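The structure file data.tsv is reproduced below (TSV, C-alpha atoms and all ligand atoms).
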chain	number	residue	atom	x	y	z
L	1172	MET	CA	109.96	100.81	134.34
L	1173	LYS	CA	111.20	100.59	130.75
L	1174	ASN	CA	113.80	102.94	129.37
L	1175	ILE	CA	112.56	105.12	126.53
L	1176	ALA	CA	114.15	107.83	124.36
L	1177	ILE	CA	112.35	110.33	122.12
L	1178	TYR	CA	113.83	110.83	118.64
L	1179	GLY	CA	113.46	114.56	117.95
L	1180	ALA	CA	113.93	117.30	120.55
L	1181	GLY	CA	111.71	119.86	118.78
L	1182	GLY	CA	108.12	120.88	119.52
L	1183	LEU	CA	106.61	117.46	118.87
L	1184	GLY	CA	109.35	115.74	120.86
L	1185	ARG	CA	108.64	117.99	123.84
L	1186	GLU	CA	104.91	117.26	123.50
L	1187	VAL	CA	105.65	113.54	123.52
L	1188	ALA	CA	107.72	114.00	126.69
L	1189	CYS	CA	104.59	115.53	128.26
L	1190	LEU	CA	102.57	112.62	126.91
L	1191	LEU	CA	104.90	110.13	128.60
L	1192	ASN	CA	104.44	112.04	131.89
L	1193	THR	CA	100.65	111.80	131.45
L	1194	ILE	CA	100.81	108.07	130.67
L	1195	ASN	CA	103.03	107.48	133.69
L	1196	GLY	CA	100.44	109.16	135.95
L	1197	ASP	CA	100.09	107.28	139.23
L	1198	ASN	CA	101.50	104.08	137.78
L	1199	PRO	CA	104.82	104.83	136.04
L	1200	ILE	CA	105.66	102.69	132.98
L	1201	TRP	CA	108.31	104.73	131.17
L	1202	ASN	CA	111.70	105.91	132.35
L	1203	PHE	CA	112.48	108.74	129.92
L	1204	ILE	CA	116.27	108.80	129.46
L	1205	GLY	CA	116.50	111.74	127.01
L	1206	PHE	CA	116.27	112.88	123.39
L	1207	ILE	CA	117.98	111.58	120.27
L	1208	ASP	CA	118.57	114.35	117.74
L	1209	ASP	CA	120.85	114.56	114.69
L	1210	VAL	CA	120.80	118.37	114.53
L	1211	LYS	CA	120.91	119.63	118.11
L	1212	GLU	CA	124.18	119.36	120.01
L	1213	VAL	CA	124.80	116.60	122.51
L	1214	GLY	CA	124.04	117.98	125.97
L	1215	ALA	CA	121.50	120.57	124.73
L	1216	THR	CA	118.58	120.67	127.16
L	1217	ASN	CA	114.95	121.73	127.25
L	1218	GLU	CA	112.33	121.59	130.02
L	1219	TYR	CA	112.02	117.83	129.72
L	1220	GLY	CA	115.45	116.39	129.07
L	1221	THR	CA	118.83	116.38	127.41
L	1222	VAL	CA	120.01	115.44	123.93
L	1223	LEU	CA	122.04	112.25	124.36
L	1224	GLY	CA	123.31	111.97	120.78
L	1225	GLY	CA	122.20	111.19	117.24
L	1226	ILE	CA	121.77	108.08	115.14
L	1227	ASP	CA	125.25	106.74	116.02
L	1228	PHE	CA	124.47	106.96	119.73
L	1229	LEU	CA	121.29	104.98	119.14
L	1230	ASN	CA	122.89	102.37	116.93
L	1231	SER	CA	125.52	101.64	119.57
L	1232	TYR	CA	123.16	101.66	122.57
L	1233	PRO	CA	124.15	98.57	124.55
L	1234	SER	CA	120.90	97.51	126.22
L	1235	ALA	CA	117.14	97.32	125.66
L	1236	LEU	CA	115.65	100.70	124.76
L	1237	SER	CA	112.25	101.80	123.52
L	1238	VAL	CA	112.30	104.66	121.04
L	1239	ILE	CA	109.44	106.83	119.85
L	1240	ILE	CA	110.09	108.98	116.79
L	1241	ALA	CA	108.54	112.41	117.32
L	1242	ILE	CA	109.10	114.22	114.04
L	1243	GLY	CA	106.28	115.80	112.03
L	1244	ASN	CA	107.84	115.39	108.59
L	1245	PRO	CA	106.76	111.96	107.27
L	1246	ARG	CA	109.80	111.57	105.01
L	1247	GLY	CA	112.02	112.41	107.97
L	1248	VAL	CA	110.47	109.65	110.06
L	1249	ALA	CA	110.81	107.09	107.26
L	1250	GLY	CA	114.47	108.06	106.75
L	1251	ILE	CA	115.29	107.66	110.43
L	1252	VAL	CA	113.62	104.26	110.70
L	1253	LYS	CA	115.75	103.00	107.79
L	1254	LYS	CA	118.91	104.12	109.58
L	1255	ILE	CA	118.21	102.43	112.92
L	1256	ARG	CA	120.13	99.16	112.97
L	1257	ASN	CA	120.30	98.04	116.58
L	1258	ALA	CA	118.47	94.92	117.76
L	1259	ASN	CA	118.21	96.46	121.25
L	1260	ILE	CA	115.75	99.06	119.97
L	1261	GLU	CA	112.00	98.50	119.97
L	1262	PHE	CA	109.24	100.85	118.88
L	1263	PRO	CA	106.18	100.98	121.17
L	1264	ASN	CA	102.94	102.74	120.37
L	1265	ILE	CA	102.50	105.76	122.63
L	1266	ILE	CA	98.79	106.36	123.23
L	1267	ALA	CA	97.36	109.07	125.49
L	1268	PRO	CA	95.10	107.70	128.24
L	1269	ASP	CA	92.11	109.71	126.99
L	1270	VAL	CA	92.27	108.43	123.39
L	1271	ARG	CA	89.00	106.70	122.49
L	1272	LEU	CA	89.53	103.42	120.66
L	1273	VAL	CA	85.89	102.53	120.17
L	1274	ASP	CA	86.47	98.85	119.34
L	1275	LYS	CA	89.88	97.57	120.41
L	1276	GLU	CA	88.90	94.01	119.48
L	1277	ASN	CA	88.46	94.81	115.81
L	1278	MET	CA	91.16	97.41	115.42
L	1279	LYS	CA	94.67	96.72	114.10
L	1280	ILE	CA	97.69	98.83	114.94
L	1281	GLY	CA	101.36	98.28	114.15
L	1282	ILE	CA	104.35	99.81	115.94
L	1283	GLY	CA	105.85	103.23	116.60
L	1284	ASN	CA	102.59	105.20	116.39
L	1285	ILE	CA	101.82	108.28	118.48
L	1286	LEU	CA	98.18	108.92	119.39
L	1287	SER	CA	98.06	112.20	121.23
L	1288	TRP	CA	95.41	113.57	123.57
L	1289	ASN	CA	91.72	113.50	122.62
L	1290	CYS	CA	91.94	111.41	119.46
L	1291	THR	CA	89.02	109.16	118.55
L	1292	ILE	CA	89.49	106.05	116.41
L	1293	SER	CA	86.23	104.51	115.25
L	1294	CYS	CA	85.46	100.84	114.62
L	1295	HIS	CA	87.40	98.44	112.40
L	1296	VAL	CA	90.27	100.83	111.69
L	1297	ASN	CA	93.60	99.48	110.46
L	1298	ILE	CA	96.65	101.57	111.38
L	1299	GLY	CA	100.15	100.61	110.20
L	1300	ASN	CA	103.46	101.83	111.60
L	1301	PHE	CA	105.07	105.12	112.62
L	1302	ASN	CA	102.07	107.39	112.17
L	1303	VAL	CA	101.73	110.61	114.18
L	1304	PHE	CA	98.22	111.55	115.32
L	1305	ASN	CA	98.37	114.95	116.95
L	1306	GLY	CA	95.64	115.99	119.39
L	1307	TRP	CA	91.93	115.89	118.49
L	1308	VAL	CA	92.34	113.80	115.33
L	1309	THR	CA	89.33	111.64	114.48
L	1310	VAL	CA	89.39	108.58	112.23
L	1311	GLY	CA	86.13	107.13	110.90
L	1312	HIS	CA	85.00	103.53	110.59
L	1313	ASP	CA	86.88	101.08	108.35
L	1314	ALA	CA	89.65	103.56	107.54
L	1315	VAL	CA	92.99	102.06	106.48
L	1316	ILE	CA	96.10	104.10	107.27
L	1317	ASP	CA	99.43	102.64	106.17
L	1318	ASP	CA	102.84	103.92	107.35
L	1319	PHE	CA	104.68	107.17	108.15
L	1320	ASN	CA	101.73	109.58	107.95
L	1321	SER	CA	101.45	112.78	110.00
L	1322	PHE	CA	98.09	114.17	111.07
L	1323	MET	CA	98.26	117.59	112.66
L	1324	THR	CA	95.85	118.82	115.31
L	1325	GLY	CA	92.15	118.44	114.56
L	1326	VAL	CA	92.39	116.47	111.30
L	1327	ARG	CA	89.17	114.63	110.38
L	1328	ILE	CA	89.50	111.38	108.46
L	1329	ALA	CA	86.07	110.07	107.47
L	1330	GLY	CA	85.01	106.44	107.17
L	1331	ASP	CA	86.01	103.95	104.45
L	1332	THR	CA	89.05	106.01	103.51
L	1333	HIS	CA	92.49	104.69	102.57
L	1334	ILE	CA	95.70	106.60	103.25
L	1335	GLY	CA	99.00	105.22	101.93
L	1336	ASN	CA	102.50	106.19	103.07
L	1337	GLU	CA	104.35	109.40	103.96
L	1338	ASN	CA	101.44	111.84	103.72
L	1339	TYR	CA	101.11	115.07	105.70
L	1340	PHE	CA	97.71	116.43	106.75
L	1341	GLY	CA	97.81	120.06	107.97
L	1342	VAL	CA	95.86	121.33	110.98
L	1343	SER	CA	92.07	120.82	110.71
L	1344	SER	CA	92.14	119.32	107.22
L	1345	VAL	CA	89.43	116.84	106.24
L	1346	LEU	CA	89.35	113.69	104.08
L	1347	LEU	CA	85.84	112.80	102.98
L	1348	GLN	CA	84.40	109.30	103.16
L	1349	LYS	CA	85.53	106.61	100.71
L	1350	LYS	CA	88.34	108.81	99.35
L	1351	LYS	CA	91.93	107.71	98.86
L	1352	VAL	CA	95.18	109.57	99.48
L	1353	GLY	CA	98.15	107.65	98.08
L	1354	ASN	CA	101.75	108.50	98.91
L	1355	ASN	CA	103.83	111.58	99.69
L	1356	THR	CA	100.92	114.04	99.53
L	1357	ILE	CA	100.65	117.31	101.47
L	1358	ILE	CA	97.18	118.47	102.44
L	1359	GLY	CA	97.15	122.14	103.51
L	1360	ALA	CA	95.71	123.30	106.81
L	1361	GLY	CA	91.93	123.63	106.73
L	1362	SER	CA	91.63	121.96	103.32
L	1363	ILE	CA	88.85	119.50	102.47
L	1364	VAL	CA	89.76	116.63	100.18
L	1365	ILE	CA	86.69	115.58	98.20
L	1366	ARG	CA	88.39	113.59	95.41
L	1367	ALA	CA	91.21	111.06	95.23
L	1368	THR	CA	94.57	112.80	95.15
L	1369	LYS	CA	97.63	112.20	92.97
L	1370	ASP	CA	100.89	111.14	94.59
L	1371	ASN	CA	103.72	113.59	95.32
L	1372	LYS	CA	101.47	116.68	95.13
L	1373	THR	CA	100.33	119.47	97.46
L	1374	TYR	CA	96.60	120.16	97.84
L	1375	MET	CA	95.00	123.22	99.40
L	1376	GLY	CA	91.62	124.85	99.78
L	1377	VAL	CA	87.94	123.97	100.01
L	1378	PRO	CA	87.52	121.84	98.04
L	1379	ALA	CA	91.21	120.95	97.94
L	1380	THR	CA	92.86	121.37	94.56
L	1381	VAL	CA	96.39	120.57	93.50
L	1382	VAL	CA	98.92	123.39	93.73
L	1383	GLU	CA	101.85	123.50	91.35
L	1384	TYR	CA	104.86	125.52	92.49
Z	1	LIG	C1	100.07	123.66	102.38
Z	1	LIG	C2	101.33	124.23	102.99
Z	1	LIG	C3	102.26	123.09	103.38
Z	1	LIG	C4	102.00	125.09	101.93
Z	1	LIG	O1	103.14	125.69	102.45
Z	1	LIG	P1	104.08	126.56	101.52
Z	1	LIG	O2	104.53	125.73	100.37
Z	1	LIG	O3	105.14	127.16	102.38
Z	1	LIG	O4	103.11	127.64	100.92
Z	1	LIG	P2	103.03	129.22	101.20
Z	1	LIG	O5	102.82	129.50	102.64
Z	1	LIG	O6	104.19	129.84	100.49
Z	1	LIG	O7	101.68	129.58	100.43
Z	1	LIG	C5	101.56	129.49	99.03
Z	1	LIG	C6	100.20	130.00	98.63
Z	1	LIG	O8	99.20	129.06	99.09
Z	1	LIG	C7	98.28	129.69	99.97
Z	1	LIG	N1	98.02	128.73	101.08
Z	1	LIG	C8	98.92	128.26	101.94
Z	1	LIG	N2	98.35	127.37	102.77
Z	1	LIG	C9	97.07	127.29	102.41
Z	1	LIG	C10	95.98	126.54	102.89
Z	1	LIG	N3	96.13	125.68	103.91
Z	1	LIG	N4	94.77	126.68	102.29
Z	1	LIG	C11	94.63	127.54	101.25
Z	1	LIG	N5	95.65	128.27	100.75
Z	1	LIG	C12	96.84	128.15	101.32
Z	1	LIG	C13	98.98	130.94	100.48
Z	1	LIG	O9	98.07	131.92	100.85
Z	1	LIG	C14	99.79	131.32	99.27
Z	1	LIG	O10	98.94	131.94	98.35
Z	1	LIG	P3	99.44	133.23	97.47
Z	1	LIG	O11	100.61	132.72	96.66
Z	1	LIG	O12	98.24	133.59	96.65
Z	1	LIG	O13	99.85	134.26	98.46
Z	1	LIG	C15	101.06	125.07	104.25
Z	1	LIG	O14	100.46	126.31	103.94
Z	1	LIG	C16	100.17	124.37	105.26
Z	1	LIG	O15	98.96	124.42	105.24
Z	1	LIG	N6	100.86	123.70	106.21
Z	1	LIG	C17	100.24	123.02	107.30
Z	1	LIG	C18	100.60	123.74	108.58
Z	1	LIG	C19	100.24	122.93	109.79
Z	1	LIG	O16	99.28	122.25	109.84
Z	1	LIG	N7	101.11	123.05	110.78
Z	1	LIG	C20	100.96	122.32	111.99
Z	1	LIG	C21	102.11	122.55	112.85
Z	1	LIG	S1	101.81	121.81	114.40

Take the structure in the file and give it back as structure tokens.
Ligand SMILES: CC(C)(COP(=O)(O)OP(=O)(O)OC[C@H]1O[C@@H](n2cnc3c(N)ncnc32)[C@H](O)[C@@H]1OP(=O)(O)O)[C@@H](O)C(=O)NCCC(=O)NCCS
Amino acid sequence: MKNIAIYGAGGLGREVACLLNTINGDNPIWNFIGFIDDVKEVGATNEYGTVLGGIDFLNSYPSALSVIIAIGNPRGVAGIVKKIRNANIEFPNIIAPDVRLVDKENMKIGIGNILSWNCTISCHVNIGNFNVFNGWVTVGHDAVIDDFNSFMTGVRIAGDTHIGNENYFGVSSVLLQKKKVGNNTIIGAGSIVIRATKDNKTYMGVPATVVEY
């Protein structure tokens, strides 16, 4: 079995601990050693494990360790990845056994991605690094998804779409076919994006429109 730690001991981190248990099933792969968390105290526990330390603990870890970053805030994930400087650390993809990858041969996927239960990824999809796909997310044919994006439960990404970096899609939001979402965009829960968005903006509603605060 390979040692693995989950970065983030919040709700998503606990879900990922459950996901590791599911993946282990009858044929255990992962030995979950605990959580890494920069906010919670060392020794804090939840149902699944104990906080071992923060970034310094990880950067001084003396042997091979897989780490999965389970944080919903895309900027947070990107910031953590930049701070990890330990050659012993590797970043596997954690994919629930029931995820449907309809054409593994023609799909690309990088490192550090989480694909939670009941996701479906259609044909010829290109997924980069450190994306979080919560449960029941669907991705249509030929979609390109770059790095550090978070898709909450039930998001629908249609075909021929392109999603850049550090975007957040709220629960049950939709991106229509051939549309592009660039970088650092927030799409509100239940919103339907029917036009290309502008970077660094929040969109809400049906159809989704930009919201200025
Ligand atoms: C878009 C979002 C990030 C905005 O959050 P926020 O900045 O805190 O905004 P507020 O909650 O203060 O709402 C601001 C206004 O937008 C409206 N609004 C908020 N979310 C909306 C949405 N998804 N669709 C339409 N309108 C929305 C609110 O009703 C409010 O309107 P009002 O000023 O007329 O009362 C948030 O509402 C959202 O949708 N988050 C996603 C949640 C999610 O998916 N969580 C998953 C956890 S697992």

Identify, counting all atoms listed in the file, the protein, DNA and RNA residues located within 12 Å of ligand LIG 1 (chain Z), and give them as a PyMOL selection string. chain L and resi 1181-1184+1186+1241-1244+1303-1306+1321-1326+1338-1345+1356-1364+1372-1384

Write out as a list in words the residues lying within 9 Å of Ile1328 in chain L, counting all atoms listed in the file and excluding same-chain residues fewer than 6 positions away.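 In the requested format, the answer is Val1308, Thr1309, Val1310, Gly1311, Ala1314, Ser1344, Val1345, Leu1346, Leu1347 and Gln1348 of chain L.
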
Taking only C-alpha atoms into account, name the residue in L:Tyr1232, L:Tyr1219, L:Tyr1178, L:Trp1201 that is nearest to Gly1283 in chain L. L:Tyr1178

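Candidate residues L:Asn1198, L:Lys1253, L:Ile1177, L:Cys1189 were compared for distance to Val1222 in chain L, and the nearest is L:Ile1177, using all atoms listed in the file.
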
Write out as a PyMOL selection string the residues lying within 10 Å of Cys1294 in chain L, counting only C-alpha atoms and excluding same-chain residues fewer than 2 positions away. chain L and resi 1272-1278+1291-1292+1296-1297+1310-1314+1330

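Minimum atom-to-atom distances from L:Ile1334, L:Asp1317, L:Asp1197, L:Asn1259 to Pro1233 in chain L were compared using all atoms listed in the file, and the lowest value belongs to L:Asn1259.
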
Return the single residue from L:Asn1302, L:Asn1230, L:Thr1368, L:Thr1332 that is closest to Val1248 in chain L, with distances computed using all atoms listed in the file.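 When distances to Val1248 in chain L are compared using all atoms listed in the file, the smallest one comes from L:Asn1302.
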
Ala1267 in chain L: which residues within 12 Å, counting all atoms listed in the file, same-chain residues fewer than 6 positions away excluded, as a PyMOL selection string? chain L and resi 1186-1196+1284-1291+1304-1307

CA of Val1252 in chain L to CA of Ala1235 in chain L, straight-line distance in Å: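 Interatomic distance here is 16.9 Å.
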
Can you list, as JSON, numbers by chain, every protein, DNA or RNA residue that comes within 9 Å of Val1213 in chain L when you count only C-alpha atoms, leaving out same-chain residues fewer than 6 positions away? {"L": [1207, 1221, 1222, 1223, 1224, 1225]}

Would you compute the distance between CA of Lys1173 in chain L and CA of Phe1206 in chain L? Give it in Å to one decimal.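 Rounded to one decimal, the two atoms are 15.2 Å apart.
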
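In this structure, CA of Asp1208 in chain L sits 26.8 Å away from CA of Ile1316 in chain L.
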
Counting only C-alpha atoms, closest pick from L:Glu1218, L:Pro1263, L:Val1210, L:Pro1199 relative to Ala1176 in chain L is L:Pro1263

Using only C-alpha atoms, find all polymer residues with an atom at most 8 Å away from the point (110.1, 101.8, 123.0); report them as a list in words.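 Output: Lys1173, Asn1174, Ile1175, Ala1176, Leu1236, Ser1237, Val1238, Ile1239, Ile1260, Glu1261, Phe1262, Pro1263, Asn1264 and Gly1283 of chain L.
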
Which residues, written as a list in words, have at least one atom at most 8 Å from Gly1299 in chain L, with only C-alpha atoms counted and residues fewer than 6 positions away on the same chain left out?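 My reading of the contact set: Lys1279, Ile1280, Gly1281, Ile1282, Ile1316, Asp1317 and Asp1318 of chain L.
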
Because the input lacks atoms here, generate N, CA, C and O atoms for range 1175-1195 of chain L and report them as a PDB file, in the coordinates of the input.
ATOM      1  N   ILE L1175     113.051 104.622 127.821  1.00  0.00           N
ATOM      2  CA  ILE L1175     112.560 105.120 126.530  1.00  0.00           C
ATOM      3  C   ILE L1175     113.293 106.409 126.173  1.00  0.00           C
ATOM      4  O   ILE L1175     113.602 107.220 127.056  1.00  0.00           O
ATOM      5  N   ALA L1176     113.583 106.580 124.883  1.00  0.00           N
ATOM      6  CA  ALA L1176     114.150 107.830 124.360  1.00  0.00           C
ATOM      7  C   ALA L1176     113.192 108.370 123.304  1.00  0.00           C
ATOM      8  O   ALA L1176     112.477 107.606 122.643  1.00  0.00           O
ATOM      9  N   ILE L1177     113.170 109.689 123.153  1.00  0.00           N
ATOM     10  CA  ILE L1177     112.350 110.330 122.120  1.00  0.00           C
ATOM     11  C   ILE L1177     113.283 110.814 121.019  1.00  0.00           C
ATOM     12  O   ILE L1177     114.238 111.550 121.292  1.00  0.00           O
ATOM     13  N   TYR L1178     113.012 110.384 119.787  1.00  0.00           N
ATOM     14  CA  TYR L1178     113.830 110.830 118.640  1.00  0.00           C
ATOM     15  C   TYR L1178     113.241 112.125 118.129  1.00  0.00           C
ATOM     16  O   TYR L1178     112.141 112.140 117.579  1.00  0.00           O
ATOM     17  N   GLY L1179     113.962 113.239 118.329  1.00  0.00           N
ATOM     18  CA  GLY L1179     113.460 114.560 117.950  1.00  0.00           C
ATOM     19  C   GLY L1179     113.226 115.397 119.189  1.00  0.00           C
ATOM     20  O   GLY L1179     112.343 115.077 119.995  1.00  0.00           O
ATOM     21  N   ALA L1180     114.041 116.466 119.347  1.00  0.00           N
ATOM     22  CA  ALA L1180     113.930 117.300 120.550  1.00  0.00           C
ATOM     23  C   ALA L1180     113.240 118.631 120.229  1.00  0.00           C
ATOM     24  O   ALA L1180     113.408 119.611 120.934  1.00  0.00           O
ATOM     25  N   GLY L1181     112.439 118.652 119.152  1.00  0.00           N
ATOM     26  CA  GLY L1181     111.710 119.860 118.780  1.00  0.00           C
ATOM     27  C   GLY L1181     110.353 119.920 119.490  1.00  0.00           C
ATOM     28  O   GLY L1181     110.135 119.289 120.526  1.00  0.00           O
ATOM     29  N   GLY L1182     109.426 120.678 118.884  1.00  0.00           N
ATOM     30  CA  GLY L1182     108.120 120.880 119.520  1.00  0.00           C
ATOM     31  C   GLY L1182     107.375 119.571 119.740  1.00  0.00           C
ATOM     32  O   GLY L1182     106.854 119.320 120.838  1.00  0.00           O
ATOM     33  N   LEU L1183     107.343 118.716 118.712  1.00  0.00           N
ATOM     34  CA  LEU L1183     106.610 117.460 118.870  1.00  0.00           C
ATOM     35  C   LEU L1183     107.295 116.553 119.902  1.00  0.00           C
ATOM     36  O   LEU L1183     106.627 115.903 120.718  1.00  0.00           O
ATOM     37  N   GLY L1184     108.628 116.546 119.886  1.00  0.00           N
ATOM     38  CA  GLY L1184     109.350 115.740 120.860  1.00  0.00           C
ATOM     39  C   GLY L1184     109.042 116.167 122.284  1.00  0.00           C
ATOM     40  O   GLY L1184     108.847 115.337 123.173  1.00  0.00           O
ATOM     41  N   ARG L1185     108.960 117.485 122.496  1.00  0.00           N
ATOM     42  CA  ARG L1185     108.640 117.990 123.840  1.00  0.00           C
ATOM     43  C   ARG L1185     107.208 117.627 124.201  1.00  0.00           C
ATOM     44  O   ARG L1185     106.910 117.271 125.347  1.00  0.00           O
ATOM     45  N   GLU L1186     106.299 117.681 123.210  1.00  0.00           N
ATOM     46  CA  GLU L1186     104.910 117.260 123.500  1.00  0.00           C
ATOM     47  C   GLU L1186     104.868 115.784 123.894  1.00  0.00           C
ATOM     48  O   GLU L1186     104.114 115.396 124.793  1.00  0.00           O
ATOM     49  N   VAL L1187     105.663 114.980 123.202  1.00  0.00           N
ATOM     50  CA  VAL L1187     105.650 113.540 123.520  1.00  0.00           C
ATOM     51  C   VAL L1187     106.242 113.295 124.909  1.00  0.00           C
ATOM     52  O   VAL L1187     105.792 112.400 125.632  1.00  0.00           O
ATOM     53  N   ALA L1188     107.212 114.123 125.316  1.00  0.00           N
ATOM     54  CA  ALA L1188     107.720 114.000 126.690  1.00  0.00           C
ATOM     55  C   ALA L1188     106.586 114.264 127.685  1.00  0.00           C
ATOM     56  O   ALA L1188     106.437 113.539 128.689  1.00  0.00           O
ATOM     57  N   CYS L1189     105.754 115.262 127.394  1.00  0.00           N
ATOM     58  CA  CYS L1189     104.590 115.530 128.260  1.00  0.00           C
ATOM     59  C   CYS L1189     103.637 114.337 128.247  1.00  0.00           C
ATOM     60  O   CYS L1189     103.056 113.961 129.277  1.00  0.00           O
ATOM     61  N   LEU L1190     103.479 113.764 127.049  1.00  0.00           N
ATOM     62  CA  LEU L1190     102.570 112.620 126.910  1.00  0.00           C
ATOM     63  C   LEU L1190     103.064 111.445 127.769  1.00  0.00           C
ATOM     64  O   LEU L1190     102.265 110.772 128.448  1.00  0.00           O
ATOM     65  N   LEU L1191     104.362 111.211 127.763  1.00  0.00           N
ATOM     66  CA  LEU L1191     104.900 110.130 128.600  1.00  0.00           C
ATOM     67  C   LEU L1191     104.613 110.407 130.077  1.00  0.00           C
ATOM     68  O   LEU L1191     104.239 109.485 130.830  1.00  0.00           O
ATOM     69  N   ASN L1192     104.750 111.684 130.493  1.00  0.00           N
ATOM     70  CA  ASN L1192     104.440 112.040 131.890  1.00  0.00           C
ATOM     71  C   ASN L1192     102.977 111.734 132.203  1.00  0.00           C
ATOM     72  O   ASN L1192     102.645 111.220 133.263  1.00  0.00           O
ATOM     73  N   THR L1193     102.083 112.059 131.239  1.00  0.00           N
ATOM     74  CA  THR L1193     100.650 111.800 131.450  1.00  0.00           C
ATOM     75  C   THR L1193     100.400 110.300 131.561  1.00  0.00           C
ATOM     76  O   THR L1193      99.646 109.848 132.424  1.00  0.00           O
ATOM     77  N   ILE L1194     101.015 109.534 130.654  1.00  0.00           N
ATOM     78  CA  ILE L1194     100.810 108.070 130.670  1.00  0.00           C
ATOM     79  C   ILE L1194     101.330 107.498 131.984  1.00  0.00           C
ATOM     80  O   ILE L1194     100.702 106.623 132.585  1.00  0.00           O
ATOM     81  N   ASN L1195     102.464 108.002 132.440  1.00  0.00           N
ATOM     82  CA  ASN L1195     103.030 107.480 133.690  1.00  0.00           C
ATOM     83  C   ASN L1195     102.076 107.691 134.862  1.00  0.00           C
ATOM     84  O   ASN L1195     101.891 106.787 135.671  1.00  0.00           O
TER      85      ASN L1195
END
